[in-house]
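A.B. asks: I'm passing along structure_6.tsv; it holds TSV, C-alpha atoms and all ligand atoms.
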```
chain	number	residue	atom	x	y	z
C	1	MET	CA	0.00	0.00	0.00
C	2	ASP	CA	0.97	3.64	-0.53
C	3	ASP	CA	3.14	4.84	2.41
C	4	SER	CA	1.29	8.16	2.47
C	5	LEU	CA	-1.79	6.25	3.70
C	6	ASP	CA	0.01	5.47	6.92
C	7	THR	CA	-1.15	8.70	8.53
C	8	ASP	CA	-2.06	9.58	12.06
C	9	LEU	CA	-5.83	9.16	12.30
C	10	THR	CA	-6.18	11.60	15.14
C	11	HIS	CA	-6.76	15.31	15.40
C	12	GLU	CA	-6.69	16.50	11.79
C	13	THR	CA	-8.94	13.75	10.49
C	14	LEU	CA	-11.27	14.08	13.45
C	15	VAL	CA	-11.60	17.80	12.70
C	16	HIS	CA	-12.35	16.91	9.08
C	17	ASP	CA	-15.13	14.49	9.93
C	18	LEU	CA	-16.63	16.69	12.63
C	19	ASN	CA	-16.76	19.49	10.06
C	20	ASN	CA	-18.86	17.15	7.92
C	21	VAL	CA	-21.22	16.67	10.87
C	22	PHE	CA	-21.40	20.46	11.29
C	23	GLU	CA	-22.12	20.81	7.59
C	24	THR	CA	-25.16	18.54	7.92
C	25	ILE	CA	-26.44	20.46	10.95
C	26	THR	CA	-25.92	23.75	9.08
C	27	GLU	CA	-27.89	22.49	6.07
C	28	ALA	CA	-30.71	21.24	8.32
C	29	ALA	CA	-30.77	24.57	10.18
C	30	GLU	CA	-31.07	26.40	6.86
C	31	LEU	CA	-34.08	24.28	5.90
C	32	LEU	CA	-35.66	24.92	9.31
C	33	SER	CA	-35.11	28.66	9.10
C	34	ALA	CA	-37.36	28.85	6.03
C	35	ASP	CA	-40.29	28.23	8.39
C	36	ARG	CA	-41.05	31.21	10.64
C	37	ARG	CA	-41.88	28.93	13.58
C	38	TRP	CA	-38.39	27.37	13.56
C	39	LYS	CA	-36.28	30.42	12.80
C	40	ALA	CA	-35.15	30.95	16.41
C	41	LEU	CA	-34.24	27.29	16.87
C	42	ALA	CA	-32.36	27.33	13.56
C	43	ALA	CA	-30.35	30.30	14.84
C	44	THR	CA	-29.56	28.32	18.02
C	45	LEU	CA	-28.25	25.48	15.86
C	46	GLY	CA	-26.15	27.93	13.84
C	47	ARG	CA	-24.56	29.38	16.99
C	48	SER	CA	-23.86	25.88	18.34
C	49	VAL	CA	-22.12	24.93	15.10
C	50	ALA	CA	-20.02	28.12	15.23
C	51	ARG	CA	-19.04	27.23	18.82
C	52	GLY	CA	-18.10	23.72	17.79
C	53	ARG	CA	-15.97	25.04	14.92
C	54	ARG	CA	-14.26	27.50	17.24
C	55	LEU	CA	-13.44	24.71	19.71
C	56	LEU	CA	-11.97	22.67	16.88
C	57	GLY	CA	-9.82	25.59	15.84
C	58	ALA	CA	-11.56	25.96	12.47
C	59	ILE	CA	-12.39	29.62	13.21
C	60	PRO	CA	-9.70	32.07	14.35
C	61	ASP	CA	-9.63	32.70	18.08
C	62	SER	CA	-10.43	36.14	19.46
C	63	THR	CA	-8.72	38.29	22.12
C	64	PRO	CA	-9.64	37.05	25.57
C	65	HIS	CA	-11.59	39.87	27.24
C	66	LEU	CA	-13.35	38.44	30.27
C	67	ALA	CA	-16.64	40.29	29.66
C	68	SER	CA	-17.05	39.07	26.08
C	69	ILE	CA	-16.02	35.51	26.93
C	70	VAL	CA	-18.60	35.40	29.72
C	71	ASP	CA	-21.21	36.78	27.29
C	72	ASP	CA	-20.43	33.99	24.78
C	73	ALA	CA	-20.67	31.35	27.51
C	74	ILE	CA	-23.99	32.84	28.69
C	75	GLN	CA	-25.34	32.67	25.12
C	76	SER	CA	-24.16	29.08	24.84
C	77	VAL	CA	-25.88	27.95	28.04
C	78	THR	CA	-29.03	29.98	27.30
C	79	ASP	CA	-29.20	28.17	23.94
C	80	TYR	CA	-28.88	24.88	25.83
C	81	CYS	CA	-31.72	25.81	28.23
C	82	ILE	CA	-34.01	26.70	25.32
C	83	ALA	CA	-33.20	23.61	23.26
C	84	ALA	CA	-33.33	21.21	26.24
C	85	ARG	CA	-36.44	22.94	27.66
C	86	LYS	CA	-34.69	23.62	30.93
C	87	PRO	CA	-35.74	26.39	33.34
C	88	ARG	CA	-34.09	29.66	32.32
C	89	ILE	CA	-31.13	31.09	34.20
C	90	ARG	CA	-30.77	34.81	34.87
C	91	PHE	CA	-27.16	35.99	34.69
C	92	VAL	CA	-25.97	38.97	36.71
C	93	ARG	CA	-22.52	40.29	35.79
C	94	GLU	CA	-20.19	42.56	37.71
C	95	ILE	CA	-17.24	42.54	35.36
C	96	PRO	CA	-15.12	45.62	34.68
C	97	GLY	CA	-14.79	46.01	30.90
C	98	ASP	CA	-11.01	46.20	30.89
C	99	ILE	CA	-10.26	42.80	32.45
C	100	ARG	CA	-8.32	40.53	30.11
C	101	LEU	CA	-7.40	36.89	30.49
C	102	PRO	CA	-4.20	35.14	29.47
C	103	GLY	CA	-4.06	32.81	26.48
C	104	SER	CA	-6.88	31.65	24.31
C	105	ALA	CA	-10.52	32.79	24.30
C	106	LYS	CA	-11.78	29.33	23.40
C	107	ASP	CA	-10.14	27.84	26.52
C	108	TRP	CA	-11.89	30.36	28.75
C	109	GLU	CA	-15.22	29.90	27.02
C	110	ARG	CA	-14.96	26.21	27.92
C	111	VAL	CA	-14.31	27.13	31.56
C	112	PHE	CA	-17.37	29.37	31.92
C	113	ALA	CA	-19.65	27.26	29.72
C	114	ASN	CA	-18.92	24.19	31.88
C	115	LEU	CA	-19.54	26.09	35.13
C	116	PHE	CA	-22.80	27.63	33.86
C	117	LEU	CA	-23.96	24.36	32.28
C	118	ASN	CA	-23.65	22.49	35.57
C	119	THR	CA	-26.05	24.93	37.20
C	120	ALA	CA	-28.42	24.79	34.22
C	121	GLN	CA	-28.47	21.00	34.35
C	122	ILE	CA	-29.06	20.85	38.11
C	123	MET	CA	-31.75	23.54	38.44
C	124	GLN	CA	-35.34	22.32	38.66
C	125	LYS	CA	-36.73	25.88	38.56
C	126	PRO	CA	-35.56	29.21	37.11
C	127	GLY	CA	-32.30	30.20	38.76
C	128	ARG	CA	-29.65	32.87	38.90
C	129	ILE	CA	-25.90	32.95	38.39
C	130	ASP	CA	-23.77	35.86	39.59
C	131	ILE	CA	-20.39	36.43	37.98
C	132	ALA	CA	-18.01	38.95	39.56
C	133	ALA	CA	-14.39	39.81	38.92
C	134	HIS	CA	-11.90	42.04	40.65
C	135	HIS	CA	-8.19	42.50	41.12
C	136	ALA	CA	-6.94	41.61	44.61
C	137	GLU	CA	-3.28	42.45	45.18
C	138	GLU	CA	-1.31	40.63	42.45
C	139	ALA	CA	-4.21	38.36	41.50
C	140	LEU	CA	-7.38	38.43	39.44
C	141	GLN	CA	-10.28	36.79	41.24
C	142	ILE	CA	-13.40	35.63	39.44
C	143	THR	CA	-16.39	34.20	41.30
C	144	VAL	CA	-19.33	32.30	39.84
C	145	SER	CA	-22.19	31.76	42.32
C	146	ASP	CA	-25.55	30.13	41.77
C	147	ASN	CA	-28.73	29.72	43.84
C	148	GLY	CA	-29.11	26.02	43.13
C	149	PRO	CA	-29.21	23.09	45.53
C	150	GLY	CA	-25.53	23.32	46.48
C	151	ILE	CA	-22.77	20.75	46.07
C	152	PRO	CA	-23.35	17.35	47.68
C	153	PRO	CA	-20.90	17.28	50.67
C	154	GLU	CA	-19.65	13.78	49.80
C	155	ILE	CA	-18.11	14.96	46.51
C	156	LEU	CA	-17.01	18.47	47.51
C	157	ALA	CA	-13.38	17.51	48.17
C	158	ARG	CA	-12.89	15.55	44.93
C	159	MET	CA	-15.24	17.14	42.39
C	160	PHE	CA	-12.43	18.42	40.12
C	161	ARG	CA	-11.15	14.89	39.57
C	162	PRO	CA	-12.23	13.14	36.37
C	163	HIS	CA	-15.38	10.99	36.42
C	164	VAL	CA	-16.79	12.34	39.68
C	165	SER	CA	-20.46	12.90	38.90
C	166	THR	CA	-23.91	12.66	40.43
C	167	LYS	CA	-25.61	12.58	37.03
C	168	ALA	CA	-28.20	9.79	36.91
C	169	ASN	CA	-27.52	8.88	33.32
C	170	LYS	CA	-23.73	8.64	33.47
C	171	SER	CA	-22.88	6.23	30.65
C	172	GLY	CA	-19.25	6.37	31.85
C	173	ARG	CA	-18.58	9.72	30.18
C	174	SER	CA	-19.75	12.18	32.82
C	175	GLY	CA	-17.75	13.96	35.46
C	176	LEU	CA	-15.38	15.67	33.06
C	177	GLY	CA	-16.71	19.24	33.03
C	178	LEU	CA	-15.02	20.42	36.22
C	179	HIS	CA	-11.89	18.49	35.39
C	180	ILE	CA	-11.69	20.48	32.14
C	181	VAL	CA	-12.24	23.70	34.13
C	182	ALA	CA	-9.44	22.89	36.61
C	183	SER	CA	-7.03	21.76	33.88
C	184	ILE	CA	-7.47	24.97	31.86
C	185	VAL	CA	-7.13	27.20	34.93
C	186	LYS	CA	-3.97	25.32	35.93
C	187	ARG	CA	-2.53	25.73	32.43
C	188	TYR	CA	-2.60	29.50	33.07
C	189	SER	CA	-0.97	29.13	36.55
C	190	GLY	CA	-4.23	29.70	38.39
C	191	SER	CA	-6.37	27.79	40.85
C	192	VAL	CA	-10.07	27.08	41.27
C	193	ILE	CA	-11.95	26.15	44.42
C	194	ALA	CA	-15.56	25.18	45.06
C	195	ALA	CA	-17.69	25.78	48.15
C	196	ASN	CA	-21.28	25.96	49.22
C	197	ARG	CA	-22.51	29.45	50.00
C	198	GLU	CA	-22.63	30.29	53.70
C	199	HIS	CA	-25.72	32.47	53.94
C	200	ALA	CA	-27.74	31.27	50.98
C	201	ASN	CA	-28.52	28.21	48.89
C	202	GLY	CA	-26.11	27.35	46.14
C	203	ALA	CA	-22.51	26.89	45.14
C	204	THR	CA	-19.63	29.29	44.53
C	205	PHE	CA	-16.62	28.66	42.30
C	206	THR	CA	-13.64	30.96	42.77
C	207	ILE	CA	-10.93	31.23	40.13
C	208	SER	CA	-7.67	33.00	41.02
C	209	LEU	CA	-5.15	33.96	38.36
C	210	PRO	CA	-1.93	35.90	38.41
C	211	ALA	CA	-2.73	39.48	37.29
C	212	LEU	CA	-1.64	40.19	33.70
C	301	LIG	N1	-23.12	24.43	40.49
C	301	LIG	C1	-23.20	23.22	41.06
C	301	LIG	N2	-24.06	22.99	42.10
C	301	LIG	C2	-24.16	21.79	42.69
C	301	LIG	N3	-23.43	20.70	42.32
C	301	LIG	C3	-22.56	20.86	41.31
C	301	LIG	C4	-22.39	22.11	40.61
C	301	LIG	N4	-21.46	21.95	39.66
C	301	LIG	C5	-21.06	20.66	39.73
C	301	LIG	N5	-21.72	20.00	40.70
C	301	LIG	C6	-21.55	18.60	41.10
C	301	LIG	O1	-20.27	18.18	40.66
C	301	LIG	C7	-20.39	17.02	39.83
C	301	LIG	C8	-19.27	17.02	38.82
C	301	LIG	O2	-19.44	18.08	37.86
C	301	LIG	P1	-18.78	17.92	36.44
C	301	LIG	O3	-19.15	19.11	35.64
C	301	LIG	O4	-17.35	17.61	36.60
C	301	LIG	O5	-19.46	16.61	35.87
C	301	LIG	P2	-20.96	16.39	35.37
C	301	LIG	O6	-21.65	17.69	35.20
C	301	LIG	O7	-21.60	15.41	36.33
C	301	LIG	O8	-20.74	15.67	33.97
C	301	LIG	P3	-20.16	16.37	32.61
C	301	LIG	O9	-19.76	17.76	32.96
C	301	LIG	O10	-18.99	15.54	32.23
C	301	LIG	O11	-21.29	16.30	31.65
C	301	LIG	C9	-21.78	17.10	39.24
C	301	LIG	O12	-22.28	15.81	38.87
C	301	LIG	C10	-22.57	17.69	40.43
C	301	LIG	O13	-22.91	16.69	41.37
C	302	MG	MG	-20.70	19.21	34.05
```
In structure tokens, write the structure found in this file.
C.D. replies:
Amino acid sequence: MDDSLDTDLTHETLVHDLNNVFETITEAAELLSADRRWKALAATLGRSVARGRRLLGAIPDSTPHLASIVDDAIQSVTDYCIAARKPRIRFVREIPGDIRLPGSAKDWERVFANLFLNTAQIMQKPGRIDIAAHHAEEALQITVSDNGPGIPPEILARMFRPHVSTKANKSGRSGLGLHIVASIVKRYSGSVIAANREHANGATFTISLPAL
């Protein structure tokens, strides 16, 4: 056989085939958008495809401004809530416009999308997520707090490890979201901790990063 066929069937070819999947979703979304009733859902599909392409590196990455990254992650999880018919989440931001993050925007979108998605998946009724950021001494501190049921005490100490999950339908693949969050934060020399709120229901995640 031709030696050139002996290629690495990993990232590049996976990107290729996932792009074909995205192509199909894009075509289907275009058909849907012709009907007024499905226009909004078609737009949701379009945004999800754009997100997927960005994660794959098929679309150039943007400059990581915290406020715009958080906005993208909010849009992503709001799309999820609509499509999955989950109770809506209200997001309250206290983020100074000039705060920048190190590295790649798509990494940070994964961080916030995973944190927000956990709340969206746990909430049984409409909820709220507060996101705040400020500089403290030489560090940037970002907090994400929700008013959900709080973190089960038995997993609190190990929830950033892979495959720790309370999801009912695990299928062996759950429990990766927070591991992804911790791995990305660590890549940028930061840390993330989780706690239950002291004077209210819900969980708080605190990310600390060296100031840029
Ligand atoms: N905001 C939160 N409030 C309460 N519990 C949480 C919250 N976020 C995470 N958890 C708990 O931590 C567990 C691990 O979260 P993680 O995101 O790592 O995995 P998962 O959501 O179960 O699965 P995956 O993210 O891989 O789909 C969850 O199953 C849940 O029990
Ligand atoms: Mg998760």
A.B. asks: Counting only C-alpha atoms, which residue out of C:Leu178, C:Leu101, C:Val49, C:Ala84 sits closest to Phe205 in chain C?
C.D. replies: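 Going through C:Leu178, C:Leu101, C:Val49, C:Ala84 one by one, the smallest distance to Phe205 in chain C is for C:Leu178.
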A.B. asks: Throw together the list of residues within 12 Å of ligand MG 302 (chain C), counting all atoms listed in the file, and drop it here as a PyMOL selection string.
C.D. replies: chain C and resi 77+110-122+159-167+170+173-181
A.B. asks: Between C:His199, C:Arg88, C:Arg128, C:His135, which residue has the minimum interatomic distance to ligand LIG 301 (chain C), considering only C-alpha atoms and all ligand atoms?
C.D. replies: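 When distances to ligand LIG 301 (chain C) are compared using only C-alpha atoms and all ligand atoms, the smallest one comes from C:Arg128.
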A.B. asks: Between C:Ser145, C:Ser191, C:Thr10, C:Ser208, which is the closest to ligand LIG 301 (chain C) once you count only C-alpha atoms and all ligand atoms?
C.D. replies: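 Among the listed residues, C:Ser145 lies closest to ligand LIG 301 (chain C).
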A.B. asks: Would you please work out which residue, of C:Leu55, C:Ala105, C:Ile193, C:Leu31, is nearest to ligand LIG 301 (chain C) when using all atoms listed in the file?
C.D. replies: C:Ile193
A.B. asks: Between CA of Leu66 in chain C and CA of Val185 in chain C, measure the distance and give it in Å to one decimal.
C.D. replies: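 According to the coordinates, CA of Leu66 in chain C and CA of Val185 in chain C are separated by 13.7 Å.
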A.B. asks: Between C:Thr78, C:Ser183, C:Ser189, C:Asn147, which one has atoms that come closest to ligand LIG 301 (chain C), using all atoms listed in the file?
C.D. replies: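 When distances to ligand LIG 301 (chain C) are compared using all atoms listed in the file, the smallest one comes from C:Asn147.
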A.B. asks: To one decimal in Å, tell me the separation between atom C3 of ligand LIG 301 (chain C) and CA of Ala139 in chain C.
C.D. replies: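 Going from atom C3 of ligand LIG 301 (chain C) over to CA of Ala139 in chain C, I get 25.4 Å.
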A.B. asks: Using Å and a single decimal, report how far CA of Ala29 in chain C sits from CA of Arg54 in chain C.
C.D. replies: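 These two atoms are separated by 18.2 Å.
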A.B. asks: Which of these residues is nearest to Gly148 in chain C, using only C-alpha atoms: C:Ile89, C:Met123, C:Ile69, C:Ala168?
C.D. replies: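 Selected residue with least distance to Gly148 in chain C: C:Met123.
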A.B. asks: Padding 8 Å on every side, please: axis-aligned box over the listed atoms of range 24-30 of chain C, centre and edge lengths to one decimal in Å, as JSON.
C.D. replies:
```
{"center_x": -28.1, "center_y": 22.5, "center_z": 8.5, "size_x": 21.9, "size_y": 23.9, "size_z": 20.9}
```
A.B. asks: Find the residues near Ala67 in chain C: any atom within 9 Å, counting all atoms listed in the file, skip ones fewer than 4 places away on the same chain, and give them as a PyMOL selection string.
C.D. replies: chain C and resi 71-72+93+95-100
A.B. asks: Quick one: everything within 8 Å of Ile142 in chain C, counting all atoms listed in the file, minus sequence neighbours fewer than 2 positions away in the same chain. Send it as a PyMOL selection string.
C.D. replies: chain C and resi 131-134+140+144+206-208
A.B. asks: How would the residues just chosen look if you wrote them out with C-alpha atoms as an mmCIF file, in the frame of the given file?
C.D. replies:
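Result file out.cif:
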```
data_model
loop_
_atom_site.group_PDB
_atom_site.id
_atom_site.type_symbol
_atom_site.label_atom_id
_atom_site.label_comp_id
_atom_site.auth_asym_id
_atom_site.auth_seq_id
_atom_site.Cartn_x
_atom_site.Cartn_y
_atom_site.Cartn_z
ATOM 1 C CA ILE C 131 -20.390 36.430 37.980
ATOM 2 C CA ALA C 132 -18.010 38.950 39.560
ATOM 3 C CA ALA C 133 -14.390 39.810 38.920
ATOM 4 C CA HIS C 134 -11.900 42.040 40.650
ATOM 5 C CA LEU C 140 -7.380 38.430 39.440
ATOM 6 C CA VAL C 144 -19.330 32.300 39.840
ATOM 7 C CA THR C 206 -13.640 30.960 42.770
ATOM 8 C CA ILE C 207 -10.930 31.230 40.130
ATOM 9 C CA SER C 208 -7.670 33.000 41.020
#
```
A.B. asks: Rebuild range 4-35 of chain C so that it carries N, CA and C atoms, then output the result as a PDB file, in the frame of the given file.
C.D. replies:
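Written output follows (out10.pdb):
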```
ATOM      1  N   SER C   4       1.950   6.931   2.022  1.00  0.00           N
ATOM      2  CA  SER C   4       1.290   8.160   2.470  1.00  0.00           C
ATOM      3  C   SER C   4      -0.052   7.841   3.157  1.00  0.00           C
ATOM      4  N   LEU C   5      -0.529   6.601   3.027  1.00  0.00           N
ATOM      5  CA  LEU C   5      -1.790   6.250   3.700  1.00  0.00           C
ATOM      6  C   LEU C   5      -1.573   5.945   5.183  1.00  0.00           C
ATOM      7  N   ASP C   6      -0.292   5.823   5.543  1.00  0.00           N
ATOM      8  CA  ASP C   6       0.010   5.470   6.920  1.00  0.00           C
ATOM      9  C   ASP C   6      -0.001   6.716   7.808  1.00  0.00           C
ATOM     10  N   THR C   7      -1.116   7.432   7.800  1.00  0.00           N
ATOM     11  CA  THR C   7      -1.150   8.700   8.530  1.00  0.00           C
ATOM     12  C   THR C   7      -1.734   8.510   9.921  1.00  0.00           C
ATOM     13  N   ASP C   8      -1.568   9.557  10.699  1.00  0.00           N
ATOM     14  CA  ASP C   8      -2.060   9.580  12.060  1.00  0.00           C
ATOM     15  C   ASP C   8      -3.567   9.906  12.025  1.00  0.00           C
ATOM     16  N   LEU C   9      -4.377   8.936  12.399  1.00  0.00           N
ATOM     17  CA  LEU C   9      -5.830   9.160  12.300  1.00  0.00           C
ATOM     18  C   LEU C   9      -6.350   9.872  13.555  1.00  0.00           C
ATOM     19  N   THR C  10      -5.734  10.956  13.896  1.00  0.00           N
ATOM     20  CA  THR C  10      -6.180  11.600  15.140  1.00  0.00           C
ATOM     21  C   THR C  10      -6.784  12.969  14.871  1.00  0.00           C
ATOM     22  N   HIS C  11      -6.102  14.008  15.350  1.00  0.00           N
ATOM     23  CA  HIS C  11      -6.760  15.310  15.400  1.00  0.00           C
ATOM     24  C   HIS C  11      -7.248  15.823  14.045  1.00  0.00           C
ATOM     25  N   GLU C  12      -6.341  15.866  13.065  1.00  0.00           N
ATOM     26  CA  GLU C  12      -6.690  16.500  11.790  1.00  0.00           C
ATOM     27  C   GLU C  12      -7.875  15.797  11.126  1.00  0.00           C
ATOM     28  N   THR C  13      -7.851  14.473  11.161  1.00  0.00           N
ATOM     29  CA  THR C  13      -8.940  13.750  10.490  1.00  0.00           C
ATOM     30  C   THR C  13     -10.230  13.821  11.296  1.00  0.00           C
ATOM     31  N   LEU C  14     -10.084  13.917  12.618  1.00  0.00           N
ATOM     32  CA  LEU C  14     -11.270  14.080  13.450  1.00  0.00           C
ATOM     33  C   LEU C  14     -11.931  15.424  13.159  1.00  0.00           C
ATOM     34  N   VAL C  15     -11.093  16.463  13.033  1.00  0.00           N
ATOM     35  CA  VAL C  15     -11.600  17.800  12.700  1.00  0.00           C
ATOM     36  C   VAL C  15     -12.334  17.730  11.355  1.00  0.00           C
ATOM     37  N   HIS C  16     -11.747  17.041  10.404  1.00  0.00           N
ATOM     38  CA  HIS C  16     -12.350  16.910   9.080  1.00  0.00           C
ATOM     39  C   HIS C  16     -13.745  16.297   9.170  1.00  0.00           C
ATOM     40  N   ASP C  17     -13.844  15.180   9.891  1.00  0.00           N
ATOM     41  CA  ASP C  17     -15.130  14.490   9.930  1.00  0.00           C
ATOM     42  C   ASP C  17     -16.155  15.226  10.784  1.00  0.00           C
ATOM     43  N   LEU C  18     -15.677  15.894  11.843  1.00  0.00           N
ATOM     44  CA  LEU C  18     -16.630  16.690  12.630  1.00  0.00           C
ATOM     45  C   LEU C  18     -17.152  17.863  11.809  1.00  0.00           C
ATOM     46  N   ASN C  19     -16.287  18.411  10.942  1.00  0.00           N
ATOM     47  CA  ASN C  19     -16.760  19.490  10.060  1.00  0.00           C
ATOM     48  C   ASN C  19     -17.868  18.989   9.144  1.00  0.00           C
ATOM     49  N   ASN C  20     -17.773  17.717   8.726  1.00  0.00           N
ATOM     50  CA  ASN C  20     -18.860  17.150   7.920  1.00  0.00           C
ATOM     51  C   ASN C  20     -20.151  17.067   8.726  1.00  0.00           C
ATOM     52  N   VAL C  21     -20.027  16.710  10.011  1.00  0.00           N
ATOM     53  CA  VAL C  21     -21.220  16.670  10.870  1.00  0.00           C
ATOM     54  C   VAL C  21     -21.810  18.075  10.979  1.00  0.00           C
ATOM     55  N   PHE C  22     -20.929  19.073  11.182  1.00  0.00           N
ATOM     56  CA  PHE C  22     -21.400  20.460  11.290  1.00  0.00           C
ATOM     57  C   PHE C  22     -22.100  20.907  10.012  1.00  0.00           C
ATOM     58  N   GLU C  23     -21.542  20.462   8.893  1.00  0.00           N
ATOM     59  CA  GLU C  23     -22.120  20.810   7.590  1.00  0.00           C
ATOM     60  C   GLU C  23     -23.576  20.327   7.510  1.00  0.00           C
ATOM     61  N   THR C  24     -23.801  19.101   7.948  1.00  0.00           N
ATOM     62  CA  THR C  24     -25.160  18.540   7.920  1.00  0.00           C
ATOM     63  C   THR C  24     -26.083  19.356   8.815  1.00  0.00           C
ATOM     64  N   ILE C  25     -25.599  19.684  10.029  1.00  0.00           N
ATOM     65  CA  ILE C  25     -26.440  20.460  10.950  1.00  0.00           C
ATOM     66  C   ILE C  25     -26.743  21.831  10.345  1.00  0.00           C
ATOM     67  N   THR C  26     -25.729  22.433   9.706  1.00  0.00           N
ATOM     68  CA  THR C  26     -25.920  23.750   9.080  1.00  0.00           C
ATOM     69  C   THR C  26     -26.977  23.692   7.988  1.00  0.00           C
ATOM     70  N   GLU C  27     -26.896  22.648   7.146  1.00  0.00           N
ATOM     71  CA  GLU C  27     -27.890  22.490   6.070  1.00  0.00           C
ATOM     72  C   GLU C  27     -29.292  22.316   6.664  1.00  0.00           C
ATOM     73  N   ALA C  28     -29.391  21.481   7.701  1.00  0.00           N
ATOM     74  CA  ALA C  28     -30.710  21.240   8.320  1.00  0.00           C
ATOM     75  C   ALA C  28     -31.249  22.528   8.931  1.00  0.00           C
ATOM     76  N   ALA C  29     -30.339  23.311   9.566  1.00  0.00           N
ATOM     77  CA  ALA C  29     -30.770  24.570  10.180  1.00  0.00           C
ATOM     78  C   ALA C  29     -31.287  25.525   9.110  1.00  0.00           C
ATOM     79  N   GLU C  30     -30.638  25.510   7.940  1.00  0.00           N
ATOM     80  CA  GLU C  30     -31.070  26.400   6.860  1.00  0.00           C
ATOM     81  C   GLU C  30     -32.480  26.030   6.389  1.00  0.00           C
ATOM     82  N   LEU C  31     -32.735  24.722   6.276  1.00  0.00           N
ATOM     83  CA  LEU C  31     -34.080  24.280   5.900  1.00  0.00           C
ATOM     84  C   LEU C  31     -35.096  24.730   6.943  1.00  0.00           C
ATOM     85  N   LEU C  32     -34.752  24.540   8.222  1.00  0.00           N
ATOM     86  CA  LEU C  32     -35.660  24.920   9.310  1.00  0.00           C
ATOM     87  C   LEU C  32     -35.964  26.410   9.287  1.00  0.00           C
ATOM     88  N   SER C  33     -34.940  27.200   8.991  1.00  0.00           N
ATOM     89  CA  SER C  33     -35.110  28.660   9.100  1.00  0.00           C
ATOM     90  C   SER C  33     -36.068  29.208   8.043  1.00  0.00           C
ATOM     91  N   ALA C  34     -36.398  28.389   7.037  1.00  0.00           N
ATOM     92  CA  ALA C  34     -37.360  28.850   6.030  1.00  0.00           C
ATOM     93  C   ALA C  34     -38.770  28.936   6.630  1.00  0.00           C
ATOM     94  N   ASP C  35     -38.976  28.213   7.731  1.00  0.00           N
ATOM     95  CA  ASP C  35     -40.290  28.230   8.390  1.00  0.00           C
ATOM     96  C   ASP C  35     -40.223  29.179   9.581  1.00  0.00           C
TER      97      ASP C  35
END
```
